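*Asks:* What follows is the file work04.cif, containing mmCIF, C-alpha atoms:
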data_upload
loop_
_atom_site.group_PDB
_atom_site.id
_atom_site.type_symbol
_atom_site.label_atom_id
_atom_site.label_comp_id
_atom_site.auth_asym_id
_atom_site.auth_seq_id
_atom_site.Cartn_x
_atom_site.Cartn_y
_atom_site.Cartn_z
ATOM 1 C CA MET A 1 -81.291 65.574 17.897
ATOM 2 C CA PRO A 2 -79.096 65.217 21.002
ATOM 3 C CA THR A 3 -75.408 65.986 20.857
ATOM 4 C CA GLU A 4 -73.054 63.097 21.639
ATOM 5 C CA ASN A 5 -69.576 63.170 23.070
ATOM 6 C CA ALA A 6 -66.853 62.208 20.575
ATOM 7 C CA ALA A 7 -65.300 59.915 23.164
ATOM 8 C CA ASP A 8 -68.346 57.691 22.978
ATOM 9 C CA HIS A 9 -67.565 56.941 19.327
ATOM 10 C CA PRO A 10 -63.780 56.768 18.929
ATOM 11 C CA HIS A 11 -63.888 55.727 15.284
ATOM 12 C CA THR A 12 -66.328 58.237 13.834
ATOM 13 C CA ASP A 13 -63.427 60.158 12.322
ATOM 14 C CA ALA A 14 -64.089 58.213 9.107
ATOM 15 C CA VAL A 15 -67.192 60.342 8.529
ATOM 16 C CA SER A 16 -68.277 63.786 9.517
ATOM 17 C CA VAL A 17 -70.954 63.706 12.214
ATOM 18 C CA PRO A 18 -72.188 67.223 12.878
ATOM 19 C CA ARG A 19 -72.263 68.422 16.456
ATOM 20 C CA THR A 20 -75.371 70.525 16.426
ATOM 21 C CA ALA A 21 -78.094 71.017 18.967
ATOM 22 C CA GLU A 22 -80.664 72.013 16.327
ATOM 23 C CA PRO A 23 -83.352 69.395 15.594
ATOM 24 C CA VAL A 24 -83.707 67.855 12.170
ATOM 25 C CA SER A 25 -87.191 69.321 11.846
ATOM 26 C CA ALA A 26 -89.943 70.721 13.975
ATOM 27 C CA GLU A 27 -90.852 67.138 14.838
ATOM 28 C CA PRO A 28 -87.514 65.324 15.078
ATOM 29 C CA VAL A 29 -87.398 61.654 14.159
ATOM 30 C CA SER A 30 -85.362 59.606 16.602
ATOM 31 C CA ALA A 31 -84.015 56.128 16.044
ATOM 32 C CA GLU A 32 -86.236 53.359 17.329
ATOM 33 C CA PRO A 33 -84.821 50.913 19.888
ATOM 34 C CA VAL A 34 -83.308 47.709 18.591
ATOM 35 C CA SER A 35 -85.984 45.070 18.130
ATOM 36 C CA ALA A 36 -85.580 41.650 19.673
ATOM 37 C CA ASP A 37 -85.709 39.815 16.360
ATOM 38 C CA ARG A 38 -82.606 41.484 14.923
ATOM 39 C CA GLY A 39 -79.395 39.454 14.753
ATOM 40 C CA TYR A 40 -77.008 42.009 16.255
ATOM 41 C CA ASP A 41 -77.182 44.873 18.702
ATOM 42 C CA ASP A 42 -75.447 47.049 16.115
ATOM 43 C CA SER A 43 -78.475 46.926 13.780
ATOM 44 C CA PRO A 44 -80.661 49.866 14.843
ATOM 45 C CA ALA A 45 -84.198 50.375 13.554
ATOM 46 C CA THR A 46 -83.836 53.441 11.359
ATOM 47 C CA ASP A 47 -86.711 53.085 8.896
ATOM 48 C CA ALA A 48 -88.190 56.442 9.932
ATOM 49 C CA LEU A 49 -84.854 58.206 9.452
ATOM 50 C CA PHE A 50 -84.413 56.743 5.955
ATOM 51 C CA ALA A 51 -87.967 57.762 5.081
ATOM 52 C CA ARG A 52 -87.127 61.283 6.226
ATOM 53 C CA LEU A 53 -83.850 61.261 4.254
ATOM 54 C CA VAL A 54 -85.621 60.422 1.009
ATOM 55 C CA GLU A 55 -88.075 63.282 1.456
ATOM 56 C CA LEU A 56 -85.451 65.956 2.107
ATOM 57 C CA ASP A 57 -83.666 68.013 -0.561
ATOM 58 C CA ASP A 58 -79.933 68.658 -0.432
ATOM 59 C CA GLY A 59 -79.066 70.983 2.401
ATOM 60 C CA PRO A 60 -78.014 71.146 6.053
ATOM 61 C CA GLU A 61 -81.114 69.345 7.312
ATOM 62 C CA ARG A 62 -80.560 66.379 4.977
ATOM 63 C CA ASP A 63 -76.859 66.272 5.864
ATOM 64 C CA THR A 64 -77.786 66.064 9.554
ATOM 65 C CA VAL A 65 -80.114 63.104 8.991
ATOM 66 C CA ARG A 66 -77.531 61.409 6.767
ATOM 67 C CA ASP A 67 -74.755 61.811 9.336
ATOM 68 C CA GLU A 68 -77.026 60.493 12.082
ATOM 69 C CA LEU A 69 -77.733 57.364 10.034
ATOM 70 C CA VAL A 70 -74.011 56.845 9.452
ATOM 71 C CA ARG A 71 -73.338 57.256 13.162
ATOM 72 C CA LEU A 72 -76.001 54.742 14.139
ATOM 73 C CA TRP A 73 -74.816 52.096 11.665
ATOM 74 C CA LEU A 74 -71.088 52.652 12.176
ATOM 75 C CA PRO A 75 -70.753 49.837 14.791
ATOM 76 C CA MET A 76 -72.040 47.377 12.193
ATOM 77 C CA ALA A 77 -69.460 48.629 9.676
ATOM 78 C CA HIS A 78 -66.725 48.132 12.281
ATOM 79 C CA ARG A 79 -67.973 44.601 12.956
ATOM 80 C CA LEU A 80 -67.791 43.767 9.257
ATOM 81 C CA ALA A 81 -64.290 45.225 9.061
ATOM 82 C CA GLY A 82 -63.254 42.924 11.906
ATOM 83 C CA ARG A 83 -63.917 39.906 9.699
ATOM 84 C CA PHE A 84 -60.887 40.908 7.618
ATOM 85 C CA ARG A 85 -58.399 41.354 10.460
ATOM 86 C CA ASP A 86 -55.064 39.505 10.445
ATOM 87 C CA ARG A 87 -54.698 39.778 6.676
ATOM 88 C CA GLY A 88 -51.841 42.238 6.619
ATOM 89 C CA GLU A 89 -53.857 45.448 7.080
ATOM 90 C CA ALA A 90 -54.318 47.453 10.290
ATOM 91 C CA ILE A 91 -57.808 47.180 11.785
ATOM 92 C CA ASP A 92 -58.115 50.982 12.007
ATOM 93 C CA ASP A 93 -57.521 51.257 8.254
ATOM 94 C CA LEU A 94 -60.077 48.525 7.603
ATOM 95 C CA ARG A 95 -62.613 50.404 9.707
ATOM 96 C CA GLN A 96 -62.017 53.535 7.679
ATOM 97 C CA VAL A 97 -62.642 51.610 4.456
ATOM 98 C CA ALA A 98 -65.766 50.014 5.920
ATOM 99 C CA ALA A 99 -67.015 53.440 7.010
ATOM 100 C CA LEU A 100 -66.585 54.659 3.443
ATOM 101 C CA GLY A 101 -68.658 51.720 2.231
ATOM 102 C CA LEU A 102 -71.303 52.588 4.825
ATOM 103 C CA VAL A 103 -71.511 56.172 3.570
ATOM 104 C CA LYS A 104 -71.993 54.887 0.035
ATOM 105 C CA ALA A 105 -74.714 52.503 1.229
ATOM 106 C CA VAL A 106 -76.591 55.275 3.046
ATOM 107 C CA ASP A 107 -76.402 57.548 -0.007
ATOM 108 C CA ARG A 108 -77.617 54.886 -2.439
ATOM 109 C CA PHE A 109 -80.210 53.062 -0.343
ATOM 110 C CA ASP A 110 -83.859 53.199 -1.372
ATOM 111 C CA PRO A 111 -86.221 52.246 1.490
ATOM 112 C CA VAL A 112 -88.611 50.519 -0.921
ATOM 113 C CA ARG A 113 -85.944 47.846 -1.493
ATOM 114 C CA GLY A 114 -86.401 46.416 1.973
ATOM 115 C CA ALA A 115 -84.138 46.333 5.019
ATOM 116 C CA PHE A 116 -81.094 48.581 4.980
ATOM 117 C CA GLU A 117 -78.922 45.889 6.542
ATOM 118 C CA SER A 118 -79.481 43.555 3.578
ATOM 119 C CA TYR A 119 -78.245 46.274 1.247
ATOM 120 C CA ALA A 120 -75.445 47.667 3.422
ATOM 121 C CA ILE A 121 -73.634 44.430 4.271
ATOM 122 C CA PRO A 122 -72.654 43.487 0.676
ATOM 123 C CA THR A 123 -71.873 47.133 -0.070
ATOM 124 C CA ILE A 124 -69.506 47.459 2.893
ATOM 125 C CA THR A 125 -67.832 44.065 2.462
ATOM 126 C CA GLY A 126 -67.435 44.758 -1.251
ATOM 127 C CA GLU A 127 -65.649 48.020 -0.448
ATOM 128 C CA VAL A 128 -63.253 46.225 1.910
ATOM 129 C CA LYS A 129 -62.583 43.468 -0.636
ATOM 130 C CA ARG A 130 -61.844 46.067 -3.319
ATOM 131 C CA HIS A 131 -59.402 47.671 -0.903
ATOM 132 C CA PHE A 132 -57.509 44.400 -0.596
ATOM 133 C CA ARG A 133 -57.688 43.781 -4.344
ATOM 134 C CA ASP A 134 -56.492 47.228 -5.418
ATOM 135 C CA ARG A 135 -54.246 48.435 -2.591
ATOM 136 C CA MET A 136 -52.767 45.486 -0.726
ATOM 137 C CA TRP A 137 -50.839 43.637 -3.429
ATOM 138 C CA ALA A 138 -47.112 44.275 -3.049
ATOM 139 C CA VAL A 139 -46.714 43.018 -6.620
ATOM 140 C CA ARG A 140 -49.509 43.806 -9.016
ATOM 141 C CA VAL A 141 -50.900 40.577 -10.443
ATOM 142 C CA PRO A 142 -53.550 40.030 -13.130
ATOM 143 C CA ARG A 143 -57.179 39.974 -12.080
ATOM 144 C CA ARG A 144 -57.411 36.320 -13.209
ATOM 145 C CA VAL A 145 -54.724 35.329 -10.723
ATOM 146 C CA GLN A 146 -56.422 37.305 -7.957
ATOM 147 C CA ASP A 147 -59.640 35.380 -8.612
ATOM 148 C CA LEU A 148 -57.706 32.099 -8.542
ATOM 149 C CA ARG A 149 -56.229 33.073 -5.198
ATOM 150 C CA ASN A 150 -59.663 33.709 -3.707
ATOM 151 C CA ARG A 151 -61.075 30.404 -4.990
ATOM 152 C CA VAL A 152 -58.080 28.435 -3.756
ATOM 153 C CA ARG A 153 -58.134 30.151 -0.358
ATOM 154 C CA VAL A 154 -61.835 29.417 0.174
ATOM 155 C CA ALA A 155 -61.448 25.815 -1.025
ATOM 156 C CA ARG A 156 -58.467 25.158 1.245
ATOM 157 C CA ARG A 157 -60.382 26.527 4.224
ATOM 158 C CA GLU A 158 -63.461 24.418 3.455
ATOM 159 C CA LEU A 159 -61.424 21.243 2.978
ATOM 160 C CA SER A 160 -59.420 21.850 6.172
ATOM 161 C CA GLN A 161 -62.597 22.196 8.247
ATOM 162 C CA ARG A 162 -63.735 18.653 7.529
ATOM 163 C CA PRO A 163 -63.532 16.339 10.564
ATOM 164 C CA GLY A 164 -60.107 14.726 10.742
ATOM 165 C CA ALA A 165 -58.964 16.402 7.529
ATOM 166 C CA ALA A 166 -55.289 17.110 6.948
ATOM 167 C CA GLU A 167 -53.867 19.952 4.904
ATOM 168 C CA PRO A 168 -55.446 19.529 1.450
ATOM 169 C CA THR A 169 -53.195 18.725 -1.486
ATOM 170 C CA SER A 170 -53.161 20.595 -4.772
ATOM 171 C CA ALA A 171 -55.011 17.704 -6.410
ATOM 172 C CA GLU A 172 -57.768 17.820 -3.777
ATOM 173 C CA ILE A 173 -58.138 21.578 -4.149
ATOM 174 C CA ALA A 174 -58.262 21.204 -7.934
ATOM 175 C CA ALA A 175 -61.026 18.590 -7.667
ATOM 176 C CA HIS A 176 -62.972 20.736 -5.202
ATOM 177 C CA THR A 177 -62.756 23.918 -7.315
ATOM 178 C CA ARG A 178 -62.779 22.242 -10.757
ATOM 179 C CA LEU A 179 -59.522 23.985 -11.554
ATOM 180 C CA THR A 180 -56.390 22.472 -13.029
ATOM 181 C CA GLU A 181 -53.486 21.765 -10.691
ATOM 182 C CA GLU A 182 -51.476 24.416 -12.529
ATOM 183 C CA GLU A 183 -54.188 26.999 -11.791
ATOM 184 C CA VAL A 184 -54.229 25.885 -8.144
ATOM 185 C CA HIS A 185 -50.455 26.339 -8.033
ATOM 186 C CA ASP A 186 -50.836 29.887 -9.397
ATOM 187 C CA GLY A 187 -53.485 30.618 -6.780
ATOM 188 C CA LEU A 188 -51.305 29.300 -3.961
ATOM 189 C CA GLU A 189 -48.386 31.421 -5.102
ATOM 190 C CA ALA A 190 -50.621 34.477 -5.305
ATOM 191 C CA MET A 191 -51.580 33.988 -1.664
ATOM 192 C CA GLU A 192 -48.026 35.009 -0.773
ATOM 193 C CA SER A 193 -48.012 38.094 -2.985
ATOM 194 C CA PHE A 194 -49.226 40.556 -0.356
ATOM 195 C CA SER A 195 -45.645 40.960 0.904
ATOM 196 C CA THR A 196 -42.224 41.133 -0.683
ATOM 197 C CA LEU A 197 -38.607 40.629 0.286
ATOM 198 C CA SER A 198 -35.898 43.181 -0.269
ATOM 199 C CA LEU A 199 -33.232 42.319 -2.824
ATOM 200 C CA ASP A 200 -30.771 42.892 0.015
ATOM 201 C CA ALA A 201 -32.273 40.005 2.024
ATOM 202 C CA GLU A 202 -29.814 37.166 2.601
ATOM 203 C CA THR A 203 -30.514 33.901 0.813
ATOM 204 C CA GLY A 204 -29.750 31.681 3.819
ATOM 205 C CA ALA A 205 -28.658 31.535 7.420
ATOM 206 C CA GLY A 206 -24.972 31.225 6.550
ATOM 207 C CA ASP A 207 -22.326 33.909 6.633
ATOM 208 C CA ASP A 208 -21.588 33.813 2.914
ATOM 209 C CA GLY A 209 -23.065 37.311 2.493
ATOM 210 C CA TYR A 210 -25.116 36.462 -0.585
ATOM 211 C CA SER A 211 -28.394 38.317 -1.069
ATOM 212 C CA LEU A 212 -31.335 37.825 -3.387
ATOM 213 C CA GLY A 213 -29.907 40.543 -5.594
ATOM 214 C CA ASP A 214 -26.770 38.465 -6.112
ATOM 215 C CA THR A 215 -28.850 35.677 -7.657
ATOM 216 C CA LEU A 216 -30.197 37.885 -10.444
ATOM 217 C CA GLY A 217 -28.549 37.587 -13.821
ATOM 218 C CA GLY A 218 -27.052 40.530 -15.649
ATOM 219 C CA THR A 219 -27.726 41.798 -19.136
ATOM 220 C CA ASP A 220 -26.141 39.573 -21.782
ATOM 221 C CA SER A 221 -24.708 41.668 -24.594
ATOM 222 C CA SER A 222 -24.998 38.671 -26.924
ATOM 223 C CA PHE A 223 -28.721 39.274 -27.161
ATOM 224 C CA ASP A 224 -28.064 42.704 -28.642
ATOM 225 C CA THR A 225 -25.642 41.138 -31.098
ATOM 226 C CA ILE A 226 -28.299 38.677 -32.263
ATOM 227 C CA VAL A 227 -30.798 41.491 -32.793
ATOM 228 C CA ASP A 228 -28.226 43.499 -34.766
ATOM 229 C CA ARG A 229 -27.301 40.521 -36.938
ATOM 230 C CA GLU A 230 -30.919 39.779 -37.805
ATOM 231 C CA ALA A 231 -31.547 43.403 -38.711
ATOM 232 C CA ALA A 232 -28.370 43.548 -40.823
ATOM 233 C CA ALA A 233 -29.114 40.236 -42.579
ATOM 234 C CA LYS A 234 -32.392 41.599 -43.916
ATOM 235 C CA GLU A 235 -30.633 44.620 -45.421
ATOM 236 C CA LEU A 236 -27.760 42.535 -46.788
ATOM 237 C CA ARG A 237 -30.214 40.515 -48.846
ATOM 238 C CA ARG A 238 -31.340 43.739 -50.516
ATOM 239 C CA LEU A 239 -27.850 44.658 -51.764
ATOM 240 C CA PRO A 240 -26.767 43.961 -55.376
ATOM 241 C CA GLU A 241 -24.962 40.674 -55.801
ATOM 242 C CA ARG A 242 -21.539 42.209 -56.413
ATOM 243 C CA GLU A 243 -21.727 44.362 -53.260
ATOM 244 C CA ARG A 244 -22.759 41.345 -51.197
ATOM 245 C CA ALA A 245 -19.777 39.464 -52.609
ATOM 246 C CA VAL A 246 -17.416 42.298 -51.711
ATOM 247 C CA LEU A 247 -18.650 42.411 -48.126
ATOM 248 C CA TYR A 248 -18.463 38.624 -47.801
ATOM 249 C CA MET A 249 -14.880 38.505 -49.020
ATOM 250 C CA ARG A 250 -13.837 41.403 -46.816
ATOM 251 C CA PHE A 251 -15.531 40.491 -43.507
ATOM 252 C CA PHE A 252 -15.984 36.715 -43.705
ATOM 253 C CA GLU A 253 -12.971 35.599 -45.740
ATOM 254 C CA ASP A 254 -10.761 38.376 -44.312
ATOM 255 C CA MET A 255 -9.433 39.386 -47.750
ATOM 256 C CA THR A 256 -7.675 42.710 -48.254
ATOM 257 C CA GLN A 257 -9.186 45.378 -50.481
ATOM 258 C CA SER A 258 -6.336 44.982 -52.980
ATOM 259 C CA ARG A 259 -6.895 41.227 -53.280
ATOM 260 C CA ILE A 260 -10.659 41.754 -53.698
ATOM 261 C CA GLY A 261 -9.963 44.274 -56.449
ATOM 262 C CA GLU A 262 -7.674 41.824 -58.252
ATOM 263 C CA LYS A 263 -10.296 39.079 -58.034
ATOM 264 C CA LEU A 264 -13.080 41.307 -59.409
ATOM 265 C CA GLY A 265 -10.932 43.256 -61.844
ATOM 266 C CA ILE A 266 -11.486 46.637 -60.211
ATOM 267 C CA SER A 267 -9.239 49.068 -58.345
ATOM 268 C CA GLN A 268 -8.634 49.005 -54.620
ATOM 269 C CA MET A 269 -10.175 52.486 -54.378
ATOM 270 C CA HIS A 270 -13.323 51.196 -56.088
ATOM 271 C CA VAL A 271 -13.507 48.339 -53.583
ATOM 272 C CA SER A 272 -13.174 50.823 -50.717
ATOM 273 C CA ARG A 273 -16.065 52.933 -52.051
ATOM 274 C CA LEU A 274 -18.264 49.830 -52.504
ATOM 275 C CA ILE A 275 -17.594 48.720 -48.919
ATOM 276 C CA SER A 276 -18.312 52.166 -47.485
ATOM 277 C CA ARG A 277 -21.505 52.604 -49.522
ATOM 278 C CA SER A 278 -22.787 49.093 -48.755
ATOM 279 C CA CYS A 279 -22.111 49.381 -45.000
ATOM 280 C CA ALA A 280 -23.841 52.767 -44.845
ATOM 281 C CA ARG A 281 -26.884 51.351 -46.635
ATOM 282 C CA VAL A 282 -27.084 48.314 -44.337
ATOM 283 C CA ARG A 283 -26.643 50.477 -41.221
ATOM 284 C CA LYS A 284 -29.350 52.927 -42.294
ATOM 285 C CA GLY A 285 -31.823 50.156 -43.028
ATOM 286 C CA ALA A 286 -31.123 48.311 -39.770
ATOM 287 C CA LEU A 287 -31.535 51.428 -37.627
ATOM 288 C CA ALA A 288 -34.795 52.254 -39.404
ATOM 289 C CA GLN A 289 -36.230 48.973 -38.136
#
Before anything else, please render the file you have as structure tokens.
*Replies:*
Amino acid sequence: MPTENAADHPHTDAVSVPRTAEPVSAEPVSAEPVSADRGYDDSPATDALFARLVELDDGPERDTVRDELVRLWLPMAHRLAGRFRDRGEAIDDLRQVAALGLVKAVDRFDPVRGAFESYAIPTITGEVKRHFRDRMWAVRVPRRVQDLRNRVRVARRELSQRPGAAEPTSAEIAAHTRLTEEEVHDGLEAMESFSTLSLDAETGAGDDGYSLGDTLGGTDSSFDTIVDREAAAKELRRLPERERAVLYMRFFEDMTQSRIGEKLGISQMHVSRLISRSCARVRKGALAQ
């Protein structure tokens, strides 16, 4: 198998292509020239190489054939990666992802299934789409919303391509996709979720100095008070009636311990012990929740 100069294939760094002068076998199998009935010049005829790959066991000879197949089909992977340009990801990174999909396709392809191109294209494009789905979201959104985004994006593109069509409305997209307008709205919002703004970004063009962070509310301590009251109320209902009465008179009617004792016919010291014991019981029960 002839050795090629790395400059001829600037993007083969995504895979390891061995630089060896040794042939694959005693009778090396070379790639056939591109046939005239193929759709692209980057679709080489490599049936003989795949047949050889299937016959070989793991080892240096099989690795050489495998790397040669990857090298020959790499231009097609780069072409497929180019379909996803201008979506917020560098083209070189997309080519790396597409090359990874190509390697997977070469490893998993069975020649009896038919043409390699028919198997490789969905494998490579699927790898690139997974890259966008799993790595490109600045804010992680549910898979359902990601699917809505894709359906809305495709529908908006199809509706916009109609002769004389204006920008489609949410109602038109909903009718086209059989989604509700609320689902369309979620999909449209998700289309903007690949990028984020810093909380330090200014809210307007004025010189007021306000940022997005300034618009966020703070923690309201009243919420904690509500939680504490609900937890305490449950424990208060478990107290004996007299102890509940003592606490009510002390904390809600603002009566002194001496006056409570006079009303119940007990000493002030007894009232103090009841209050301490009841509060400790309520506190313990509330914290346990």
*Asks:* Could you tell me, as JSON, numbers by chain, exactly which residues end up selected when the PyMOL selection byres ((chain A and resi 125) around 12) is applied to this structure?
*Replies:* {"A": [76, 77, 78, 79, 80, 81, 82, 83, 84, 94, 95, 97, 98, 99, 100, 101, 102, 104, 105, 117, 118, 119, 120, 121, 122, 123, 124, 126, 127, 128, 129, 130, 131, 132]}
*Asks:* List as an MDAnalysis selection string the protein and nucleic acid residues near A:Arg149, meaning an atom at most 7 Å away when all atoms listed in the file are counted, but skip any in the same chain fewer than 3 places from it.
*Replies:* chainID A and resid 145:146 152:153 187:188 190:191
*Asks:* Since I can't run it myself right now, could you work out what the PyMOL selection byres ((chain A and resi 174) around 12) selects here and report it as a PDB file with C-alpha atoms, in the coordinates of the input?
*Replies:*
ATOM      1  CA  LEU A 148     -57.706  32.099  -8.542  1.00  0.00           C
ATOM      2  CA  ARG A 151     -61.075  30.404  -4.990  1.00  0.00           C
ATOM      3  CA  VAL A 152     -58.080  28.435  -3.756  1.00  0.00           C
ATOM      4  CA  ARG A 153     -58.134  30.151  -0.358  1.00  0.00           C
ATOM      5  CA  ALA A 155     -61.448  25.815  -1.025  1.00  0.00           C
ATOM      6  CA  ARG A 156     -58.467  25.158   1.245  1.00  0.00           C
ATOM      7  CA  LEU A 159     -61.424  21.243   2.978  1.00  0.00           C
ATOM      8  CA  PRO A 168     -55.446  19.529   1.450  1.00  0.00           C
ATOM      9  CA  THR A 169     -53.195  18.725  -1.486  1.00  0.00           C
ATOM     10  CA  SER A 170     -53.161  20.595  -4.772  1.00  0.00           C
ATOM     11  CA  ALA A 171     -55.011  17.704  -6.410  1.00  0.00           C
ATOM     12  CA  GLU A 172     -57.768  17.820  -3.777  1.00  0.00           C
ATOM     13  CA  ILE A 173     -58.138  21.578  -4.149  1.00  0.00           C
ATOM     14  CA  ALA A 175     -61.026  18.590  -7.667  1.00  0.00           C
ATOM     15  CA  HIS A 176     -62.972  20.736  -5.202  1.00  0.00           C
ATOM     16  CA  THR A 177     -62.756  23.918  -7.315  1.00  0.00           C
ATOM     17  CA  ARG A 178     -62.779  22.242 -10.757  1.00  0.00           C
ATOM     18  CA  LEU A 179     -59.522  23.985 -11.554  1.00  0.00           C
ATOM     19  CA  THR A 180     -56.390  22.472 -13.029  1.00  0.00           C
ATOM     20  CA  GLU A 181     -53.486  21.765 -10.691  1.00  0.00           C
ATOM     21  CA  GLU A 182     -51.476  24.416 -12.529  1.00  0.00           C
ATOM     22  CA  GLU A 183     -54.188  26.999 -11.791  1.00  0.00           C
ATOM     23  CA  VAL A 184     -54.229  25.885  -8.144  1.00  0.00           C
ATOM     24  CA  HIS A 185     -50.455  26.339  -8.033  1.00  0.00           C
ATOM     25  CA  ASP A 186     -50.836  29.887  -9.397  1.00  0.00           C
ATOM     26  CA  GLY A 187     -53.485  30.618  -6.780  1.00  0.00           C
ATOM     27  CA  LEU A 188     -51.305  29.300  -3.961  1.00  0.00           C
TER      28      LEU A 188
END
*Asks:* Could you check how far atom CA of A:Val54 sits from atom CA of A:Phe116, in Å to one decimal?
*Replies:*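 The value is 13.3 Å.
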*Asks:* Provide the atom CA of A:Gly285 to atom CA of A:Glu235 distance in Å, to one decimal place.
*Replies:* 6.1 Å
*Asks:* Once 5 Å is added on each side, what centre and edge lengths in Å to one decimal does the axis-aligned box around all listed atoms of stretch 101-115 of chain A have, as lines of an AutoDock Vina configuration file?
*Replies:*
center_x = -78.6
center_y = 51.9
center_z = 1.3
size_x = 30.0
size_y = 21.2
size_z = 17.5
*Asks:* Go through A:Glu253, A:Asp58, A:Glu158, A:Asp224 one by one, measure the shortest atom-to-atom distance of each to A:Asp107 using only C-alpha atoms, and give the residue with the smallest value.
*Replies:*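 For A:Asp107, the nearest of the given residues is A:Asp58.
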*Asks:* Excluding stretch 229-231 of chain A and its own-chain neighbours fewer than 4 positions away, which residues fall within 12 Å of it when counting only C-alpha atoms? Please give them as a list of chain:residue names.
*Replies:*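 Surrounding residues, per the criterion: A:Ser222, A:Phe223, A:Asp224, A:Thr225, A:Glu235, A:Leu236, A:Arg237, A:Arg238, A:Val282, A:Arg283, A:Lys284, A:Gly285, A:Ala286, A:Leu287, A:Ala288, A:Gln289.
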*Asks:* Which of these residues is nearest to A:Arg113, using all atoms listed in the file: A:Glu202, A:Phe50, A:Trp73, A:Arg259?
*Replies:*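 Distance minimum relative to A:Arg113 lands on A:Phe50.
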*Asks:* Measure the distance from atom CA of A:Arg108 to atom CA of A:Leu72 in Å and round it to one decimal.
*Replies:*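 That distance, rounded to one decimal, is 16.7 Å.
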*Asks:* Which residues are close to stretch 265-273 of chain A, i.e. within 10 Å by only C-alpha atoms, leaving aside same-chain residues fewer than 4 positions away? Reply as a tab-separated table (two decimals) with C-alpha atoms, keeping the file's coordinate frame.
*Replies:*
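Output file part_6.tsv is given in full below:
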chain	number	residue	atom	x	y	z
A	243	GLU	CA	-21.73	44.36	-53.26
A	246	VAL	CA	-17.42	42.30	-51.71
A	247	LEU	CA	-18.65	42.41	-48.13
A	250	ARG	CA	-13.84	41.40	-46.82
A	256	THR	CA	-7.68	42.71	-48.25
A	257	GLN	CA	-9.19	45.38	-50.48
A	258	SER	CA	-6.34	44.98	-52.98
A	259	ARG	CA	-6.90	41.23	-53.28
A	260	ILE	CA	-10.66	41.75	-53.70
A	261	GLY	CA	-9.96	44.27	-56.45
A	277	ARG	CA	-21.50	52.60	-49.52
A	278	SER	CA	-22.79	49.09	-48.76
A	279	CYS	CA	-22.11	49.38	-45.00
*Asks:* Please complete stretch 262-274 of chain A with N, CA and C atoms and give it back as a tab-separated table (two decimals), in the frame of the given file.
*Replies:*
chain	number	residue	atom	x	y	z
A	262	GLU	N	-8.29	42.69	-57.25
A	262	GLU	CA	-7.67	41.82	-58.25
A	262	GLU	C	-8.64	40.72	-58.69
A	263	LYS	N	-9.38	40.17	-57.71
A	263	LYS	CA	-10.30	39.08	-58.03
A	263	LYS	C	-11.47	39.56	-58.88
A	264	LEU	N	-11.94	40.79	-58.66
A	264	LEU	CA	-13.08	41.31	-59.41
A	264	LEU	C	-12.68	42.16	-60.60
A	265	GLY	N	-11.40	42.45	-60.72
A	265	GLY	CA	-10.93	43.26	-61.84
A	265	GLY	C	-11.24	44.72	-61.69
A	266	ILE	N	-11.24	45.21	-60.46
A	266	ILE	CA	-11.49	46.64	-60.21
A	266	ILE	C	-10.38	47.15	-59.30
A	267	SER	N	-10.31	48.48	-59.15
A	267	SER	CA	-9.24	49.07	-58.34
A	267	SER	C	-9.54	48.93	-56.85
A	268	GLN	N	-8.48	49.07	-56.08
A	268	GLN	CA	-8.63	49.00	-54.62
A	268	GLN	C	-9.50	50.14	-54.12
A	269	MET	N	-9.37	51.34	-54.76
A	269	MET	CA	-10.18	52.49	-54.38
A	269	MET	C	-11.66	52.22	-54.63
A	270	HIS	N	-11.94	51.54	-55.77
A	270	HIS	CA	-13.32	51.20	-56.09
A	270	HIS	C	-13.90	50.24	-55.04
A	271	VAL	N	-13.07	49.28	-54.62
A	271	VAL	CA	-13.51	48.34	-53.58
A	271	VAL	C	-13.81	49.09	-52.29
A	272	SER	N	-12.97	50.05	-51.94
A	272	SER	CA	-13.17	50.82	-50.72
A	272	SER	C	-14.50	51.58	-50.76
A	273	ARG	N	-14.80	52.19	-51.92
A	273	ARG	CA	-16.07	52.93	-52.05
A	273	ARG	C	-17.26	51.99	-51.96
A	274	LEU	N	-17.17	50.80	-52.58
A	274	LEU	CA	-18.26	49.83	-52.50
A	274	LEU	C	-18.51	49.40	-51.06
